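Here's the structure we're looking at; comments come further down.
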Amino acid sequence: MYYKFVDNLIYYNASDKSGVLFFVPFTAKKTRFSSDITGVFLNYFDSSSFLKDDFRISLSCLTPEQFEPLWNTLLAEYIVIEDKRI
Amino acid sequence: MKLGELSQLAVFNSLKNGNIGIDLGVVTFRIQTKLPDVQRIFAELYADYTIITPEQSSDFQVAVKRVNLLRRWIRPQVEFSLDDYIPFLPLPRSQAYPLLEWGMNWCMAAHRHNYLLIHGAVLEKNGDAIIFPAPPGSGKSTLCAYLANRGWRLLSDEMTVISLDTGWVHPFVRPICLKNNSISLVKTWFPDIVVSNIAKDTVKGDVAHVKPPKDSVDKILVPAKVKAIVLPKYSPDTELDIFTLTKCDAFEAISSNAFNEGMLGEAGFKAIRRLIESTDTVEIHYNNLAVVAEFLEEGRFCA
C-alpha cells in the first residue's frame, strides 16, 4: 500500500527550532512534531508516494517503538493518507 | 457626536426605543433597553464614544430586557437578544448590565470572523502593542486596569482583534470588567475612575465595569503593531518571574486562547504563525504590578 502527504498541507517551522506544526485545512486541526524529524517529512511534500517501510527507514533516528505511534498519529490526523492513485 | 453630548433624557429615550448606537471602530452596536439602571450605567461608561444615528446601519442590534410572564415578578430575570435571537439563558435582574457587556462580547466572538479574535487584553505604549492572553482568574483585567490608568493606551481588556491582512491589532475598547477583590483594589489605586455598581453573585463572582480612559476611546480607529505577547499569571508569593516561551509553545498558547481559530481554518493558522514569528512571548508570574509595568516599559522580551 502506498501513502502520501495530504495535499494543501500547511506547516509552521518555528524559527527557533522548537518544533513544526502541521495544519490540515479540511480538518482545521494542527499537530506538533519535533524539528529533528520533520526535516525528513519535507522531502515527501512534493506529493510523491512512498511505502511505510521506506518512510520508516528514512527516519532512522527513531526506534520501531518510536516510529509506530508517530505513524499512527500521521494517519489519524490525516497528515498522511493512502495514495489511491496507485 | 459623542454620547455624553446628549442630554440624559435624550439618551434614556433613545435607548428605550433602540434608536441609538455606538461606534466601536471594528464594529457598531445599536442598543435597546428599558431598564433604567442599564440605561444609566451605559450612558456613563460610553459617554466618550461616537454615536451612530437611527439612519445609519449597525452591525448588531442588541437588547437587554425583562423576561416575560412569571419571571417578570417572581425572582425577576433579564435576557439578552441579538435581533430576535436569544442566545443565552436568562440571568437575575441584578446582573442586567454585565449581561449587556457579555452579550456584546459574544456577538463579536461568534460572528466577526474577518479578524482573528483572541481572549486577552491588549495595550499599547510608544507605538508598541502587547497582547496579554489569559484564561479567567489570571489577573489579566486587574493588570489591564492598572496599565490603562498609568499611561498605556487600552485597545481591549477582553478581546484582542487582529487583522488577517496586516497582523496589526485593532482597538475594541470597552469598559474593563473587574471581579471580586480587584474592584476595591482598582478603586483604591485610582479613586477618580468611574465604576459601575457591583453585580453580585454572577458566574464570575462580583463584577463591576470601569469606564475606559478617554484617550483610549479617542484613538478607537488607530491600530497598533504587536511587539510582544505576555501571558500573565498572578502569583501571591512571587514579585516577578519571567519565563521565555519557545515559538511553538507560544503558538499553542495563542491558539488555546483564540475564539475563532477553528472557524478561520487556514487563515487563522497563518495569522497566528505571522504573529508568533514577528513577536517574542513570555510568561510572567507576579504579585507586584508596578514591577510588571517597569518590565513592560523596558520593552525587552527575549533572553
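Lettering and numbering for the C-alpha cells are positional, with chains as A, B, ... in the shown order, residues counted from 1 in each chain, and ligands counted from 1 in the shown order.
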Check which residues of chain B sit at most 7 Å from chain A using only C-alpha atoms, and return one row each with the closest pair of atoms and their distance in Å to one decimal, ordered by chain and rising number, as a tab-separated table.
residue	atom	partner	partner_atom	distance
B:Thr246	CA	A:Ser18	CA	6.0
B:Lys247	CA	A:Ala14	CA	5.8
B:Cys248	CA	A:Ser18	CA	5.8
B:Gly262	CA	A:Ala28	CA	5.9
B:Gly265	CA	A:Ala28	CA	5.2
B:Glu266	CA	A:Pro25	CA	5.8
B:Arg273	CA	A:Tyr12	CA	6.6
Task: Nearby residues (only C-alpha atoms) at most 12 Å from Met1 (chain A), same-chain spacing under 3 positions excluded, as an NGL selection string - done: :A and (4 or 49-54 or 81-86)
Residues from the last selection, C-alpha atoms, saved as an mmCIF file, in the first residue's frame:
data_model
loop_
_atom_site.group_PDB
_atom_site.id
_atom_site.type_symbol
_atom_site.label_atom_id
_atom_site.label_comp_id
_atom_site.auth_asym_id
_atom_site.auth_seq_id
_atom_site.Cartn_x
_atom_site.Cartn_y
_atom_site.Cartn_z
ATOM 1 C CA LYS A 4 1.415 10.301 0.515
ATOM 2 C CA SER A 49 4.150 8.271 -2.946
ATOM 3 C CA PHE A 50 6.013 6.124 -0.530
ATOM 4 C CA LEU A 51 5.823 2.838 1.264
ATOM 5 C CA LYS A 52 5.569 2.794 5.023
ATOM 6 C CA ASP A 53 8.777 0.785 5.311
ATOM 7 C CA ASP A 54 10.725 3.278 3.196
ATOM 8 C CA ILE A 81 -3.201 9.317 3.652
ATOM 9 C CA GLU A 82 -3.368 6.266 1.469
ATOM 10 C CA ASP A 83 -2.418 7.140 -2.099
ATOM 11 C CA LYS A 84 -5.270 5.746 -4.139
ATOM 12 C CA ARG A 85 -3.631 6.748 -7.387
ATOM 13 C CA ILE A 86 -1.518 3.605 -7.093
#
Task: Residue nearest Phe45 (chain A) among A:Leu70, A:Val80, A:Leu75, A:Ile57 (counting only C-alpha atoms) - done: A:Val80
Open item on the list: Using only C-alpha atoms, which protein or nucleic acid residues come within 6 Å of region 285-294 of chain B? Drop anything in the same chain fewer than 5 positions from it, and give the result as an MDAnalysis selection string.
Closed with: chainID B and resid 233:236 238:241
TODO: Determine which residues of region 21-71 of chain A DSSP labels as helix (DSSP H, G or I) from the backbone of this structure, then write them out as an MDAnalysis selection string.
DONE: chainID A and resid 35:42 52:58 64:71
Filtering to C-alpha atoms, could you give me those residues as a PDB file, in the first residue's frame?
ATOM      1  CA  SER A  35      12.105  19.754  14.352  1.00  0.00           C
ATOM      2  CA  ASP A  36      14.542  16.808  14.248  1.00  0.00           C
ATOM      3  CA  ILE A  37      12.251  14.532  12.307  1.00  0.00           C
ATOM      4  CA  THR A  38      10.222  16.958  10.245  1.00  0.00           C
ATOM      5  CA  GLY A  39      13.200  17.676   8.024  1.00  0.00           C
ATOM      6  CA  VAL A  40      12.549  14.198   6.642  1.00  0.00           C
ATOM      7  CA  PHE A  41       8.856  14.956   6.113  1.00  0.00           C
ATOM      8  CA  LEU A  42       9.655  17.916   3.924  1.00  0.00           C
ATOM      9  CA  LYS A  52       5.569   2.794   5.023  1.00  0.00           C
ATOM     10  CA  ASP A  53       8.777   0.785   5.311  1.00  0.00           C
ATOM     11  CA  ASP A  54      10.725   3.278   3.196  1.00  0.00           C
ATOM     12  CA  PHE A  55       9.411   6.103   5.333  1.00  0.00           C
ATOM     13  CA  ARG A  56      10.439   4.274   8.480  1.00  0.00           C
ATOM     14  CA  ILE A  57      13.939   3.714   7.096  1.00  0.00           C
ATOM     15  CA  SER A  58      14.307   7.424   6.300  1.00  0.00           C
ATOM     16  CA  PRO A  64      10.439   0.898  15.857  1.00  0.00           C
ATOM     17  CA  GLU A  65       8.728   1.607  19.184  1.00  0.00           C
ATOM     18  CA  GLN A  66       9.003   5.333  18.487  1.00  0.00           C
ATOM     19  CA  PHE A  67       8.054   5.103  14.848  1.00  0.00           C
ATOM     20  CA  GLU A  68       4.716   3.307  15.199  1.00  0.00           C
ATOM     21  CA  PRO A  69       2.997   5.940  17.407  1.00  0.00           C
ATOM     22  CA  LEU A  70       4.312   8.643  15.075  1.00  0.00           C
ATOM     23  CA  TRP A  71       2.952   6.797  12.040  1.00  0.00           C
TER      24      TRP A  71
END
Within 6 Å of Pro90 (chain B), counting only C-alpha atoms, which residues show up once you throw out same-chain ones fewer than 5 positions away? Write them as a PDB file with C-alpha atoms, in the first residue's frame, please.
ATOM      1  CA  GLN B  77     -34.779  37.756  35.313  1.00  0.00           C
ATOM      2  CA  VAL B  78     -33.440  39.533  32.264  1.00  0.00           C
ATOM      3  CA  GLU B  79     -32.444  38.261  28.855  1.00  0.00           C
TER       4      GLU B  79
END
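Taking the backbone of this structure through DSSP, the residues of region 16-86 of chain A that come out as strand (DSSP E or B) are Val20, Leu21, Phe22, Phe23, Val24, Lys29, Lys30, Thr31, Arg32, Phe33, Phe50, Leu51, Val80, Ile81 and Glu82 of chain A.
Take the candidates B:Val230, B:Val38, B:Ile86, B:Leu275 and check each one against Phe295 (chain B) using only C-alpha atoms; the shortest distance goes to B:Val230.
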Open item on the list: So the first atom is CA of Ser81 (chain B) and the second is CA of Tyr115 (chain B); what is the distance between them in Å, to one decimal place?
Closed with: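 Taking CA of Ser81 (chain B) and CA of Tyr115 (chain B), their separation equals 23.0 Å.
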- [ ] Provide the CA of Trp152 (chain B) to CA of Asp128 (chain B) distance in Å, to one decimal place.
- [x]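 Atom-to-atom, CA of Trp152 (chain B) to CA of Asp128 (chain B), that is 10.1 Å.
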Task: Residues within 10 Å of Arg150 (chain B), only C-alpha atoms, excluding chain neighbours under 3 positions, as a ChimeraX atom specification - done: /B:144-147,153,190,290,293
Residue subset to file, keeping C-alpha atoms, as a CSV table (one decimal), in the first residue's frame:
chain,number,residue,atom,x,y,z
B,144,CYS,CA,-5.1,45.9,32.3
B,145,ALA,CA,-6.9,48.4,34.5
B,146,TYR,CA,-3.6,49.3,36.2
B,147,LEU,CA,-1.8,49.9,32.9
B,153,ARG,CA,-3.5,53.0,25.7
B,190,PHE,CA,-7.4,55.3,41.1
B,290,ALA,CA,4.5,48.4,39.5
B,293,ALA,CA,4.8,47.9,34.5
Task: Contacts of Arg274 (chain B) at 10 Å (only C-alpha atoms; same-chain gap of 4+ positions) as number ranges by chain - done: A: 12; B: 164, 166-167, 251, 268-270, 278-279
With N, CA, C and O atoms retained, write the just-selected residues as a PDB file, in the first residue's frame.
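As a result, result24.pdb now contains:
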ATOM      1  N   TYR A  12       4.148  25.230   9.973  1.00  0.00           N
ATOM      2  CA  TYR A  12       4.888  26.318  10.587  1.00  0.00           C
ATOM      3  C   TYR A  12       6.142  25.717  11.178  1.00  0.00           C
ATOM      4  O   TYR A  12       6.080  24.966  12.148  1.00  0.00           O
TER       5      TYR A  12
ATOM      6  N   LEU B 164      -6.491  40.013   9.668  1.00  0.00           N
ATOM      7  CA  LEU B 164      -5.953  38.870   8.940  1.00  0.00           C
ATOM      8  C   LEU B 164      -5.026  39.330   7.815  1.00  0.00           C
ATOM      9  O   LEU B 164      -4.179  38.580   7.359  1.00  0.00           O
ATOM     10  N   THR B 166      -3.064  42.444   7.819  1.00  0.00           N
ATOM     11  CA  THR B 166      -1.848  43.154   8.222  1.00  0.00           C
ATOM     12  C   THR B 166      -1.165  42.558   9.449  1.00  0.00           C
ATOM     13  O   THR B 166       0.010  42.804   9.672  1.00  0.00           O
ATOM     14  N   GLY B 167      -1.931  41.829  10.263  1.00  0.00           N
ATOM     15  CA  GLY B 167      -1.389  41.322  11.520  1.00  0.00           C
ATOM     16  C   GLY B 167      -1.400  42.357  12.633  1.00  0.00           C
ATOM     17  O   GLY B 167      -1.023  42.072  13.767  1.00  0.00           O
ATOM     18  N   PHE B 251       2.832  29.575  20.063  1.00  0.00           N
ATOM     19  CA  PHE B 251       1.759  29.323  19.093  1.00  0.00           C
ATOM     20  C   PHE B 251       0.610  28.612  19.775  1.00  0.00           C
ATOM     21  O   PHE B 251      -0.559  28.991  19.626  1.00  0.00           O
ATOM     22  N   GLY B 268      -6.657  31.501   9.905  1.00  0.00           N
ATOM     23  CA  GLY B 268      -6.336  31.631  11.329  1.00  0.00           C
ATOM     24  C   GLY B 268      -4.958  31.085  11.639  1.00  0.00           C
ATOM     25  O   GLY B 268      -4.175  31.704  12.358  1.00  0.00           O
ATOM     26  N   PHE B 269      -4.636  29.921  11.070  1.00  0.00           N
ATOM     27  CA  PHE B 269      -3.313  29.311  11.286  1.00  0.00           C
ATOM     28  C   PHE B 269      -2.223  30.247  10.788  1.00  0.00           C
ATOM     29  O   PHE B 269      -1.221  30.493  11.476  1.00  0.00           O
ATOM     30  N   LYS B 270      -2.412  30.798   9.612  1.00  0.00           N
ATOM     31  CA  LYS B 270      -1.395  31.693   9.037  1.00  0.00           C
ATOM     32  C   LYS B 270      -1.291  32.992   9.827  1.00  0.00           C
ATOM     33  O   LYS B 270      -0.198  33.543   9.990  1.00  0.00           O
ATOM     34  N   SER B 278       6.751  37.241  14.426  1.00  0.00           N
ATOM     35  CA  SER B 278       7.117  38.659  14.476  1.00  0.00           C
ATOM     36  C   SER B 278       7.195  39.202  15.901  1.00  0.00           C
ATOM     37  O   SER B 278       7.450  40.383  16.106  1.00  0.00           O
ATOM     38  N   THR B 279       6.960  38.322  16.900  1.00  0.00           N
ATOM     39  CA  THR B 279       6.969  38.803  18.289  1.00  0.00           C
ATOM     40  C   THR B 279       7.746  37.842  19.167  1.00  0.00           C
ATOM     41  O   THR B 279       8.095  36.744  18.749  1.00  0.00           O
TER      42      THR B 279
END
Open item on the list: Just the number, please: distance in Å from CA of Ile31 (chain B) to CA of Asn197 (chain B), one decimal.
Closed with: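 For CA of Ile31 (chain B) relative to CA of Asn197 (chain B), the distance reads 19.7 Å.
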Task: Top pick for closest residue to Ala250 (chain B), considering B:Pro133, B:Gly25, B:Pro171, B:Gly18 and counting only C-alpha atoms - done: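 Checking each of B:Pro133, B:Gly25, B:Pro171, B:Gly18 against Ala250 (chain B), counting only C-alpha atoms, the winner is B:Pro133.
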Open item on the list: When you look at region 95-112 of chain B with a cut-off of 7 Å (counting only C-alpha atoms), what residues show up, excluding the ones that are within fewer than 2 positions of it in the same chain? I need them as a list in words.
Closed with: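 So the residues in contact are Val38, Val64, Val78, Phe80, Leu91, Pro92, Arg93, Asn114, Tyr115, Leu117, Ala199 and Phe259 of chain B.
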Would you save the residues of that selection, restricted to C-alpha atoms, as a PDB file, in the first residue's frame?
ATOM      1  CA  VAL B  38     -28.684  49.690  32.413  1.00  0.00           C
ATOM      2  CA  VAL B  64     -31.494  43.608  27.327  1.00  0.00           C
ATOM      3  CA  VAL B  78     -33.440  39.533  32.264  1.00  0.00           C
ATOM      4  CA  PHE B  80     -30.093  39.384  26.073  1.00  0.00           C
ATOM      5  CA  LEU B  91     -29.866  35.927  34.335  1.00  0.00           C
ATOM      6  CA  PRO B  92     -31.067  37.520  37.597  1.00  0.00           C
ATOM      7  CA  ARG B  93     -32.342  41.067  37.192  1.00  0.00           C
ATOM      8  CA  ASN B 114     -12.973  38.763   9.355  1.00  0.00           C
ATOM      9  CA  TYR B 115     -10.495  39.087  12.234  1.00  0.00           C
ATOM     10  CA  LEU B 117     -10.067  37.044  17.866  1.00  0.00           C
ATOM     11  CA  ALA B 199     -23.366  42.984  40.267  1.00  0.00           C
ATOM     12  CA  PHE B 259     -12.026  32.299  19.927  1.00  0.00           C
TER      13      PHE B 259
END
